[in-house]
$ cat protein21.json   # JSON, C-alpha atoms
[["chain", "number", "residue", "atom", "x", "y", "z"],
["A", 1, "MET", "CA", 16.45, -13.25, -5.05],
["A", 2, "MET", "CA", 14.71, -9.94, -4.52],
["A", 3, "LYS", "CA", 17.34, -7.23, -4.77],
["A", 4, "THR", "CA", 15.36, -4.06, -5.44],
["A", 5, "ILE", "CA", 12.23, -2.31, -4.33],
["A", 6, "ILE", "CA", 10.86, 0.19, -6.79],
["A", 7, "LEU", "CA", 9.18, 2.92, -4.77],
["A", 8, "LEU", "CA", 6.54, 4.91, -6.63],
["A", 9, "THR", "CA", 5.45, 8.12, -4.90],
["A", 10, "SER", "CA", 3.98, 11.35, -6.21],
["A", 11, "THR", "CA", 6.30, 13.55, -4.12],
["A", 12, "VAL", "CA", 10.02, 13.36, -3.56],
["A", 13, "GLN", "CA", 9.54, 14.18, 0.15],
["A", 14, "HIS", "CA", 8.05, 10.73, 0.78],
["A", 15, "GLN", "CA", 10.86, 8.79, -0.88],
["A", 16, "ALA", "CA", 13.74, 9.16, 1.59],
["A", 17, "PRO", "CA", 11.84, 8.27, 4.81],
["A", 18, "ILE", "CA", 10.10, 5.30, 3.17],
["A", 19, "ALA", "CA", 13.36, 4.06, 1.67],
["A", 20, "ARG", "CA", 15.10, 4.34, 5.07],
["A", 21, "LEU", "CA", 12.33, 2.34, 6.73],
["A", 22, "LEU", "CA", 12.63, -0.45, 4.16],
["A", 23, "LEU", "CA", 16.43, -0.49, 4.49],
["A", 24, "GLU", "CA", 16.16, -0.79, 8.28],
["A", 25, "HIS", "CA", 14.45, -4.13, 7.72],
["A", 26, "ASN", "CA", 16.69, -5.27, 4.87],
["A", 27, "PRO", "CA", 19.96, -3.32, 4.47],
["A", 28, "GLU", "CA", 20.93, -5.37, 1.40],
["A", 29, "LEU", "CA", 18.04, -3.97, -0.63],
["A", 30, "ARG", "CA", 18.44, -1.40, -3.32],
["A", 31, "VAL", "CA", 15.60, 1.15, -3.39],
["A", 32, "CYS", "CA", 14.88, 2.67, -6.77],
["A", 33, "CYS", "CA", 12.57, 5.70, -6.62],
["A", 34, "ALA", "CA", 10.10, 6.73, -9.32],
["A", 35, "ARG", "CA", 7.64, 9.60, -9.47],
["A", 36, "ASN", "CA", 5.89, 9.04, -12.78],
["A", 37, "GLU", "CA", 5.30, 6.58, -15.62],
["A", 38, "ARG", "CA", 8.37, 7.84, -17.49],
["A", 39, "ASP", "CA", 10.57, 6.97, -14.49],
["A", 40, "LEU", "CA", 9.04, 3.50, -14.35],
["A", 41, "THR", "CA", 9.52, 2.75, -18.04],
["A", 42, "SER", "CA", 13.16, 3.83, -17.86],
["A", 43, "ILE", "CA", 14.03, 1.05, -15.39],
["A", 44, "GLU", "CA", 16.11, -1.70, -17.00],
["A", 45, "PRO", "CA", 14.42, -5.11, -17.49],
["A", 46, "ASP", "CA", 17.24, -6.79, -15.52],
["A", 47, "VAL", "CA", 16.38, -4.63, -12.50],
["A", 48, "LEU", "CA", 12.65, -5.35, -12.87],
["A", 49, "ARG", "CA", 13.26, -9.12, -12.88],
["A", 50, "GLU", "CA", 14.69, -8.90, -9.36],
["A", 51, "ALA", "CA", 12.33, -6.22, -8.03],
["A", 52, "ARG", "CA", 9.12, -5.63, -6.11],
["A", 53, "LEU", "CA", 7.13, -2.47, -6.75],
["A", 54, "VAL", "CA", 5.48, -0.42, -3.99],
["A", 55, "SER", "CA", 3.14, 2.45, -4.85],
["A", 56, "PHE", "CA", 2.67, 4.76, -1.86],
["A", 57, "ALA", "CA", -0.20, 7.28, -1.61],
["A", 58, "THR", "CA", -0.27, 8.05, -5.32],
["A", 59, "ASP", "CA", -2.73, 7.64, -8.17],
["A", 60, "ILE", "CA", -0.05, 7.10, -10.79],
["A", 61, "ALA", "CA", -0.97, 4.11, -12.95],
["A", 62, "VAL", "CA", 1.63, 1.38, -13.34],
["A", 63, "PRO", "CA", 1.83, 0.19, -16.97],
["A", 64, "GLU", "CA", 0.98, -3.46, -17.66],
["A", 65, "LYS", "CA", 4.40, -3.84, -19.25],
["A", 66, "ILE", "CA", 6.07, -3.06, -15.90],
["A", 67, "LEU", "CA", 3.81, -5.39, -13.90],
["A", 68, "LEU", "CA", 4.53, -8.24, -16.31],
["A", 69, "GLN", "CA", 8.30, -7.76, -16.04],
["A", 70, "LEU", "CA", 8.47, -7.66, -12.24],
["A", 71, "GLY", "CA", 10.11, -10.70, -10.69],
["A", 72, "TYR", "CA", 8.17, -10.17, -7.46],
["A", 73, "ASP", "CA", 4.75, -8.80, -6.60],
["A", 74, "ALA", "CA", 3.58, -5.20, -6.53],
["A", 75, "TYR", "CA", 1.57, -3.43, -3.82],
["A", 76, "LYS", "CA", -0.36, -0.18, -3.68],
["A", 77, "PHE", "CA", -0.89, 1.68, -0.38],
["A", 78, "HIS", "CA", -3.81, 4.09, -0.69],
["A", 79, "ALA", "CA", -7.08, 5.20, 0.89],
["A", 80, "VAL", "CA", -10.62, 4.54, -0.24],
["A", 81, "PRO", "CA", -13.81, 6.11, 1.11],
["A", 82, "LEU", "CA", -15.57, 2.95, 2.18],
["A", 83, "ARG", "CA", -15.79, 0.26, 4.81],
["A", 84, "TYR", "CA", -15.02, -3.32, 3.86],
["A", 85, "LEU", "CA", -17.44, -6.13, 4.65],
["A", 86, "GLY", "CA", -16.90, -7.84, 7.95],
["A", 87, "LEU", "CA", -15.83, -4.74, 9.87],
["A", 88, "LEU", "CA", -17.98, -3.40, 12.67],
["A", 89, "PRO", "CA", -20.22, -0.40, 11.90],
["A", 90, "PRO", "CA", -19.34, 2.91, 13.55],
["A", 91, "PRO", "CA", -21.05, 3.75, 16.87],
["A", 92, "ALA", "CA", -24.51, 5.30, 16.51],
["A", 93, "ASP", "CA", -23.32, 8.77, 17.57],
["A", 94, "GLU", "CA", -20.98, 8.97, 14.56],
["A", 95, "ASP", "CA", -23.67, 9.30, 11.90],
["A", 96, "ASP", "CA", -22.10, 12.54, 10.70],
["A", 97, "ALA", "CA", -18.73, 10.88, 10.03],
["A", 98, "ASP", "CA", -17.08, 9.31, 6.99],
["A", 99, "CYS", "CA", -15.32, 5.98, 7.17],
["A", 100, "ILE", "CA", -12.05, 5.84, 5.25],
["A", 101, "SER", "CA", -10.10, 2.64, 4.71],
["A", 102, "ALA", "CA", -6.34, 2.70, 4.23],
["A", 103, "ILE", "CA", -5.51, -0.39, 2.25],
["A", 104, "ALA", "CA", -2.49, -2.24, 0.96],
["A", 105, "GLN", "CA", -3.57, -3.99, -2.20],
["A", 106, "SER", "CA", -1.69, -6.27, -4.54],
["A", 107, "MET", "CA", -1.39, -4.92, -8.05],
["A", 108, "ALA", "CA", -2.24, -7.19, -10.95],
["A", 109, "ILE", "CA", -3.30, -6.87, -14.54],
["A", 110, "TRP", "CA", -6.45, -8.88, -13.93],
["A", 111, "PRO", "CA", -8.80, -7.22, -11.38],
["A", 112, "ASP", "CA", -9.89, -10.62, -10.02],
["A", 113, "ALA", "CA", -6.29, -11.40, -9.08],
["A", 114, "ARG", "CA", -5.92, -8.34, -6.83],
["A", 115, "LYS", "CA", -6.18, -8.88, -3.10],
["A", 116, "ILE", "CA", -6.21, -6.73, 0.02],
["A", 117, "VAL", "CA", -3.09, -7.55, 2.07],
["A", 118, "GLY", "CA", -3.44, -4.83, 4.71],
["A", 119, "LEU", "CA", -6.32, -2.75, 5.99],
["A", 120, "GLU", "CA", -6.97, -0.05, 8.58],
["A", 121, "THR", "CA", -10.04, 2.12, 8.98],
["A", 122, "LEU", "CA", -10.43, 5.68, 10.14],
["A", 123, "THR", "CA", -13.59, 7.59, 10.98],
["A", 124, "ILE", "CA", -13.44, 11.31, 10.23],
["A", 125, "SER", "CA", -16.11, 13.79, 11.19],
["A", 126, "ASN", "CA", -17.66, 15.69, 8.28],
["A", 127, "THR", "CA", -16.82, 18.91, 10.13],
["A", 128, "THR", "CA", -13.07, 18.24, 9.92],
["A", 129, "ALA", "CA", -11.19, 20.78, 7.78],
["A", 130, "GLU", "CA", -9.94, 19.43, 4.45],
["A", 131, "VAL", "CA", -6.24, 19.93, 5.33],
["A", 132, "GLU", "CA", -6.67, 18.05, 8.61],
["A", 133, "ARG", "CA", -8.69, 15.36, 6.84],
["A", 134, "GLU", "CA", -5.88, 14.80, 4.30],
["A", 135, "ARG", "CA", -3.31, 14.69, 7.12],
["A", 136, "LEU", "CA", -5.30, 12.07, 9.04],
["A", 137, "ILE", "CA", -5.75, 9.91, 5.95],
["A", 138, "PHE", "CA", -2.07, 10.15, 5.04],
["A", 139, "ALA", "CA", -1.08, 9.28, 8.62],
["A", 140, "ARG", "CA", -3.24, 6.13, 8.48],
["A", 141, "ILE", "CA", -1.69, 5.04, 5.16],
["A", 142, "ALA", "CA", 1.79, 5.71, 6.59],
["A", 143, "HIS", "CA", 0.97, 3.72, 9.74],
["A", 144, "LEU", "CA", -0.21, 0.76, 7.68],
["A", 145, "PHE", "CA", 2.99, 0.91, 5.64],
["A", 146, "TRP", "CA", 5.11, 1.14, 8.80],
["A", 147, "ARG", "CA", 3.43, -1.98, 10.20],
["A", 148, "MET", "CA", 3.95, -3.92, 6.98],
["A", 149, "ALA", "CA", 7.44, -2.64, 6.06],
["A", 150, "SER", "CA", 9.22, -5.75, 7.30],
["A", 151, "LEU", "CA", 7.03, -8.01, 5.18],
["A", 152, "ILE", "CA", 7.50, -5.78, 2.14],
["A", 153, "ALA", "CA", 11.29, -5.58, 2.54],
["A", 154, "CYS", "CA", 12.06, -9.14, 3.62],
["A", 155, "ASN", "CA", 9.30, -11.46, 2.43],
["A", 156, "VAL", "CA", 9.93, -12.71, -1.10],
["A", 157, "VAL", "CA", 6.63, -14.56, -1.46],
["A", 158, "ASP", "CA", 3.29, -12.94, -2.20],
["A", 159, "LEU", "CA", 1.62, -11.61, 0.92],
["A", 160, "PRO", "CA", -1.61, -13.37, 1.89],
["A", 161, "GLY", "CA", -4.92, -11.57, 1.54],
["A", 162, "VAL", "CA", -6.54, -10.29, 4.73],
["A", 163, "ILE", "CA", -10.07, -10.65, 3.43],
["A", 164, "ASP", "CA", -10.77, -14.31, 2.77],
["A", 165, "HIS", "CA", -14.28, -15.39, 1.94],
["A", 166, "ARG", "CA", -13.67, -18.76, 3.64],
["A", 167, "ALA", "CA", -12.32, -17.34, 6.91],
["A", 168, "SER", "CA", -14.42, -16.00, 9.73],
["A", 169, "GLN", "CA", -11.61, -14.45, 11.78],
["A", 170, "ARG", "CA", -10.17, -10.97, 11.34],
["A", 171, "PRO", "CA", -6.50, -11.24, 10.29],
["A", 172, "ALA", "CA", -3.63, -9.41, 11.98],
["A", 173, "PHE", "CA", -3.27, -6.64, 9.41],
["A", 174, "ALA", "CA", -6.96, -5.66, 9.35],
["A", 175, "LEU", "CA", -7.49, -3.23, 12.18],
["A", 176, "PRO", "CA", -10.51, -0.96, 12.66],
["A", 177, "ASN", "CA", -9.95, 2.40, 14.37]]
$ encode --input "protein21.json" --output "structure tokens"
Amino acid sequence: MMKTIILLTSTVQHQAPIARLLLEHNPELRVCCARNERDLTSIEPDVLREARLVSFATDIAVPEKILLQLGYDAYKFHAVPLRYLGLLPPPADEDDADCISAIAQSMAIWPDARKIVGLETLTISNTTAEVERERLIFARIAHLFWRMASLIACNVVDLPGVIDHRASQRPAFALPN
């Protein structure tokens, strides 16, 4: 039984609101917060065996040793500056804009085993100030997490991928802007 979610964030300010959101969906969970690799490696193996790991808006690498010891899957919520195949192109008048995708991706040792489990896109004008750009990207990642929080907190099986080469329909968690 999944008892713990290990929450990996780069700032302590993100931990409390994310933990509260997860606990709203599953009050019996224990949320263990980590901010770096040292925090992750200090978690007891018994805790890892009954845990899922969630990396939120951080580039901190999760050691293979941790991924192998997890009893449940691991997911990374982050943004990438690209558009995934199958999504509509931006309107013609947005040629001066960048498309950013906020994705929830399973974490695995083998790259071929990783899958996209949540996806949202955002188009940002190239004239947008850097601070506003970062705020918009973070808001999209947070929105994706908010939509998927129930699945993360309550679902003990691996989440299905939203990009399936055999499917022709857009799944529920893949939303363009």
$ residues_around --input "protein21.json" --residues "A:Ile100" --least-positions-apart "5" --cutoff "7 Å" --atoms "only C-alpha atoms" --output "short mmCIF file (atom, residue, chain, number, x, y, z; two decimals) with C-alpha atoms, in the coordinates of the input"
data_model
loop_
_atom_site.label_atom_id
_atom_site.label_comp_id
_atom_site.auth_asym_id
_atom_site.auth_seq_id
_atom_site.Cartn_x
_atom_site.Cartn_y
_atom_site.Cartn_z
CA ALA A 79 -7.08 5.20 0.89
CA VAL A 80 -10.62 4.54 -0.24
CA PRO A 81 -13.81 6.11 1.11
CA LEU A 82 -15.57 2.95 2.18
CA ARG A 83 -15.79 0.26 4.81
CA THR A 121 -10.04 2.12 8.98
CA LEU A 122 -10.43 5.68 10.14
CA THR A 123 -13.59 7.59 10.98
#
$ atom_distance --input "protein21.json" --atom1 "atom CA of A:Ser42" --atom2 "atom CA of A:Ile103"
27.8 Å
$ atom_distance --input "protein21.json" --atom1 "atom CA of A:Val157" --atom2 "atom CA of A:Met107"
14.2 Å
$ residues_around --input "protein21.json" --residues "A:Val12" --least-positions-apart "6" --cutoff "12 Å" --atoms "only C-alpha atoms" --output "ChimeraX atom specification"
/A:18-19,33-36,56,58
$ closest_residue --input "protein21.json" --among "A:Gln69, A:Ile60, A:Gly118, A:Pro27" --to "A:Trp146" --atoms "all atoms listed in the file"
A:Gly118
$ closest_residue --input "protein21.json" --among "A:Ala129, A:Ile152, A:Val31, A:Ile137" --to "A:Cys99" --atoms "only C-alpha atoms"
A:Ile137
$ atom_distance --input "protein21.json" --atom1 "atom CA of A:Leu40" --atom2 "atom CA of A:Ala139"
25.8 Å
$ residues_around --input "protein21.json" --residues "A:Met1" --least-positions-apart "4" --cutoff "9 Å" --atoms "all atoms listed in the file" --output "list in words"
Glu50, Ala51, Gly71 and Val156 of chain A
$ closest_residue --input "protein21.json" --among "A:Cys32, A:Ala97, A:Arg20, A:Glu44" --to "A:Thr128" --atoms "all atoms listed in the file"
A:Ala97
$ residues_around --input "protein21.json" --residues "A:Ile43" --least-positions-apart "3" --cutoff "10 Å" --atoms "all atoms listed in the file" --output "mmCIF file with C-alpha atoms, keeping the file's coordinate frame"
data_model
loop_
_atom_site.group_PDB
_atom_site.id
_atom_site.type_symbol
_atom_site.label_atom_id
_atom_site.label_comp_id
_atom_site.auth_asym_id
_atom_site.auth_seq_id
_atom_site.Cartn_x
_atom_site.Cartn_y
_atom_site.Cartn_z
ATOM 1 C CA ILE A 6 10.860 0.190 -6.790
ATOM 2 C CA CYS A 32 14.880 2.670 -6.770
ATOM 3 C CA ALA A 34 10.100 6.730 -9.320
ATOM 4 C CA ARG A 38 8.370 7.840 -17.490
ATOM 5 C CA ASP A 39 10.570 6.970 -14.490
ATOM 6 C CA LEU A 40 9.040 3.500 -14.350
ATOM 7 C CA ASP A 46 17.240 -6.790 -15.520
ATOM 8 C CA VAL A 47 16.380 -4.630 -12.500
ATOM 9 C CA LEU A 48 12.650 -5.350 -12.870
ATOM 10 C CA ILE A 66 6.070 -3.060 -15.900
#
$ closest_residue --input "protein21.json" --among "A:Ile109, A:Glu37, A:Arg140, A:Glu28" --to "A:Ile124" --atoms "all atoms listed in the file"
A:Arg140
$ residues_around --input "protein21.json" --residues "stretch 52-55 of chain A" --least-positions-apart "2" --cutoff "8 Å" --atoms "all atoms listed in the file" --output "ChimeraX atom specification"
/A:2,4-9,48,50,57-58,70-77
$ residues_near_point --input "protein21.json" --point "(-4.3, -12.0, 1.6)" --cutoff "6 Å" --atoms "only C-alpha atoms" --output "mmCIF file with C-alpha atoms, in the coordinates of the input"
data_model
loop_
_atom_site.group_PDB
_atom_site.id
_atom_site.type_symbol
_atom_site.label_atom_id
_atom_site.label_comp_id
_atom_site.auth_asym_id
_atom_site.auth_seq_id
_atom_site.Cartn_x
_atom_site.Cartn_y
_atom_site.Cartn_z
ATOM 1 C CA LYS A 115 -6.180 -8.880 -3.100
ATOM 2 C CA ILE A 116 -6.210 -6.730 0.020
ATOM 3 C CA VAL A 117 -3.090 -7.550 2.070
ATOM 4 C CA LEU A 159 1.620 -11.610 0.920
ATOM 5 C CA PRO A 160 -1.610 -13.370 1.890
ATOM 6 C CA GLY A 161 -4.920 -11.570 1.540
ATOM 7 C CA VAL A 162 -6.540 -10.290 4.730
#
$ decode --input "protein21.json" --residues "stretch 37-163 of chain A" --atoms "C-alpha atoms" --output "mmCIF file, in the first residue's frame"
data_model
loop_
_atom_site.group_PDB
_atom_site.id
_atom_site.type_symbol
_atom_site.label_atom_id
_atom_site.label_comp_id
_atom_site.auth_asym_id
_atom_site.auth_seq_id
_atom_site.Cartn_x
_atom_site.Cartn_y
_atom_site.Cartn_z
ATOM 1 C CA GLU A 37 20.051 14.635 -3.670
ATOM 2 C CA ARG A 38 21.351 14.461 -0.095
ATOM 3 C CA ASP A 39 17.780 14.674 1.232
ATOM 4 C CA LEU A 40 16.713 11.892 -1.127
ATOM 5 C CA THR A 41 19.542 9.539 -0.191
ATOM 6 C CA SER A 42 18.818 10.026 3.512
ATOM 7 C CA ILE A 43 15.324 8.512 3.181
ATOM 8 C CA GLU A 44 15.112 5.057 4.757
ATOM 9 C CA PRO A 45 14.673 2.077 2.378
ATOM 10 C CA ASP A 46 11.524 1.014 4.282
ATOM 11 C CA VAL A 47 9.933 4.388 3.454
ATOM 12 C CA LEU A 48 10.997 4.155 -0.199
ATOM 13 C CA ARG A 49 9.369 0.715 -0.575
ATOM 14 C CA GLU A 50 5.969 2.237 0.208
ATOM 15 C CA ALA A 51 6.487 5.550 -1.601
ATOM 16 C CA ARG A 52 5.889 7.404 -4.853
ATOM 17 C CA LEU A 53 8.223 10.228 -5.830
ATOM 18 C CA VAL A 54 7.045 13.498 -7.383
ATOM 19 C CA SER A 55 9.547 16.021 -8.729
ATOM 20 C CA PHE A 56 7.940 19.443 -9.132
ATOM 21 C CA ALA A 57 9.482 22.227 -11.271
ATOM 22 C CA THR A 58 13.063 21.291 -10.470
ATOM 23 C CA ASP A 59 16.078 20.052 -12.397
ATOM 24 C CA ILE A 60 17.453 18.018 -9.509
ATOM 25 C CA ALA A 61 18.441 14.566 -10.745
ATOM 26 C CA VAL A 62 17.020 11.580 -8.889
ATOM 27 C CA PRO A 63 19.694 8.912 -8.345
ATOM 28 C CA GLU A 64 19.112 5.500 -9.946
ATOM 29 C CA LYS A 65 19.434 3.945 -6.508
ATOM 30 C CA ILE A 66 16.342 5.846 -5.324
ATOM 31 C CA LEU A 67 14.283 5.006 -8.427
ATOM 32 C CA LEU A 68 15.109 1.317 -8.017
ATOM 33 C CA GLN A 69 14.032 1.286 -4.363
ATOM 34 C CA LEU A 70 10.678 3.015 -4.870
ATOM 35 C CA GLY A 71 7.688 0.754 -4.355
ATOM 36 C CA TYR A 72 5.578 2.931 -6.652
ATOM 37 C CA ASP A 73 6.278 5.034 -9.714
ATOM 38 C CA ALA A 74 7.931 8.440 -9.936
ATOM 39 C CA TYR A 75 6.783 11.499 -11.891
ATOM 40 C CA LYS A 76 8.442 14.729 -12.927
ATOM 41 C CA PHE A 77 6.408 17.902 -13.559
ATOM 42 C CA HIS A 78 8.406 20.350 -15.675
ATOM 43 C CA ALA A 79 8.344 22.521 -18.787
ATOM 44 C CA VAL A 80 10.037 21.976 -22.110
ATOM 45 C CA PRO A 81 10.326 24.442 -24.999
ATOM 46 C CA LEU A 82 8.636 22.378 -27.663
ATOM 47 C CA ARG A 83 5.332 21.182 -29.027
ATOM 48 C CA TYR A 84 4.566 17.472 -29.026
ATOM 49 C CA LEU A 85 3.434 15.700 -32.172
ATOM 50 C CA GLY A 86 -0.280 15.550 -32.696
ATOM 51 C CA LEU A 87 -1.055 18.971 -31.241
ATOM 52 C CA LEU A 88 -2.421 21.715 -33.458
ATOM 53 C CA PRO A 89 0.034 24.372 -34.689
ATOM 54 C CA PRO A 90 -0.371 27.895 -33.314
ATOM 55 C CA PRO A 91 -2.504 30.355 -35.330
ATOM 56 C CA ALA A 92 -0.646 32.093 -38.163
ATOM 57 C CA ASP A 93 -0.546 35.451 -36.350
ATOM 58 C CA GLU A 94 1.543 33.959 -33.528
ATOM 59 C CA ASP A 95 4.749 33.494 -35.521
ATOM 60 C CA ASP A 96 6.632 35.595 -32.992
ATOM 61 C CA ALA A 97 5.663 33.319 -30.086
ATOM 62 C CA ASP A 98 7.280 30.352 -28.360
ATOM 63 C CA CYS A 99 5.352 27.211 -27.567
ATOM 64 C CA ILE A 100 6.098 25.750 -24.139
ATOM 65 C CA SER A 101 4.795 22.381 -22.996
ATOM 66 C CA ALA A 102 4.223 21.656 -19.320
ATOM 67 C CA ILE A 103 4.537 17.923 -18.950
ATOM 68 C CA ALA A 104 4.140 15.262 -16.315
ATOM 69 C CA GLN A 105 6.534 12.493 -17.207
ATOM 70 C CA SER A 106 7.194 9.164 -15.574
ATOM 71 C CA MET A 107 10.733 8.773 -14.312
ATOM 72 C CA ALA A 108 12.632 5.618 -15.160
ATOM 73 C CA ILE A 109 16.205 4.495 -15.434
ATOM 74 C CA TRP A 110 15.738 3.459 -19.052
ATOM 75 C CA PRO A 111 14.777 6.397 -21.331
ATOM 76 C CA ASP A 112 12.554 4.152 -23.472
ATOM 77 C CA ALA A 113 10.449 3.321 -20.412
ATOM 78 C CA ARG A 114 9.554 6.964 -19.702
ATOM 79 C CA LYS A 115 6.135 8.157 -20.761
ATOM 80 C CA ILE A 116 4.232 11.431 -20.813
ATOM 81 C CA VAL A 117 1.258 11.133 -18.432
ATOM 82 C CA GLY A 118 0.090 14.758 -18.552
ATOM 83 C CA LEU A 119 0.551 17.600 -21.001
ATOM 84 C CA GLU A 120 -0.505 21.224 -21.404
ATOM 85 C CA THR A 121 0.818 23.787 -23.842
ATOM 86 C CA LEU A 122 1.292 27.503 -23.533
ATOM 87 C CA THR A 123 2.153 30.044 -26.205
ATOM 88 C CA ILE A 124 4.219 32.986 -24.983
ATOM 89 C CA SER A 125 5.068 36.013 -27.071
ATOM 90 C CA ASN A 126 8.783 36.659 -27.539
ATOM 91 C CA THR A 127 8.179 40.195 -26.261
ATOM 92 C CA THR A 128 7.080 38.940 -22.825
ATOM 93 C CA ALA A 129 9.446 39.972 -20.017
ATOM 94 C CA GLU A 130 11.513 37.118 -18.557
ATOM 95 C CA VAL A 131 9.931 37.385 -15.083
ATOM 96 C CA GLU A 132 6.425 37.224 -16.561
ATOM 97 C CA ARG A 133 7.489 34.367 -18.831
ATOM 98 C CA GLU A 134 8.744 32.334 -15.848
ATOM 99 C CA ARG A 135 5.521 33.090 -13.940
ATOM 100 C CA LEU A 136 3.355 31.911 -16.839
ATOM 101 C CA ILE A 137 5.355 28.702 -17.253
ATOM 102 C CA PHE A 138 5.249 27.961 -13.530
ATOM 103 C CA ALA A 139 1.492 28.611 -13.456
ATOM 104 C CA ARG A 140 0.974 26.089 -16.276
ATOM 105 C CA ILE A 141 3.052 23.436 -14.480
ATOM 106 C CA ALA A 142 1.108 24.121 -11.260
ATOM 107 C CA HIS A 143 -2.213 23.861 -13.119
ATOM 108 C CA LEU A 144 -1.233 20.518 -14.615
ATOM 109 C CA PHE A 145 -0.242 19.269 -11.160
ATOM 110 C CA TRP A 146 -3.514 20.538 -9.668
ATOM 111 C CA ARG A 147 -5.506 18.642 -12.303
ATOM 112 C CA MET A 148 -3.565 15.437 -11.714
ATOM 113 C CA ALA A 149 -3.199 15.636 -7.905
ATOM 114 C CA SER A 150 -5.992 13.155 -7.222
ATOM 115 C CA LEU A 151 -4.404 10.555 -9.490
ATOM 116 C CA ILE A 152 -0.991 11.129 -7.932
ATOM 117 C CA ALA A 153 -2.290 10.905 -4.349
ATOM 118 C CA CYS A 154 -4.832 8.106 -4.715
ATOM 119 C CA ASN A 155 -3.946 5.951 -7.703
ATOM 120 C CA VAL A 156 -1.487 3.199 -6.779
ATOM 121 C CA VAL A 157 -0.999 1.904 -10.321
ATOM 122 C CA ASP A 158 1.197 3.521 -12.952
ATOM 123 C CA LEU A 159 -0.585 6.315 -14.771
ATOM 124 C CA PRO A 160 -1.251 5.674 -18.460
ATOM 125 C CA GLY A 161 0.659 7.613 -21.087
ATOM 126 C CA VAL A 162 -1.210 10.390 -22.885
ATOM 127 C CA ILE A 163 0.751 10.047 -26.094
#
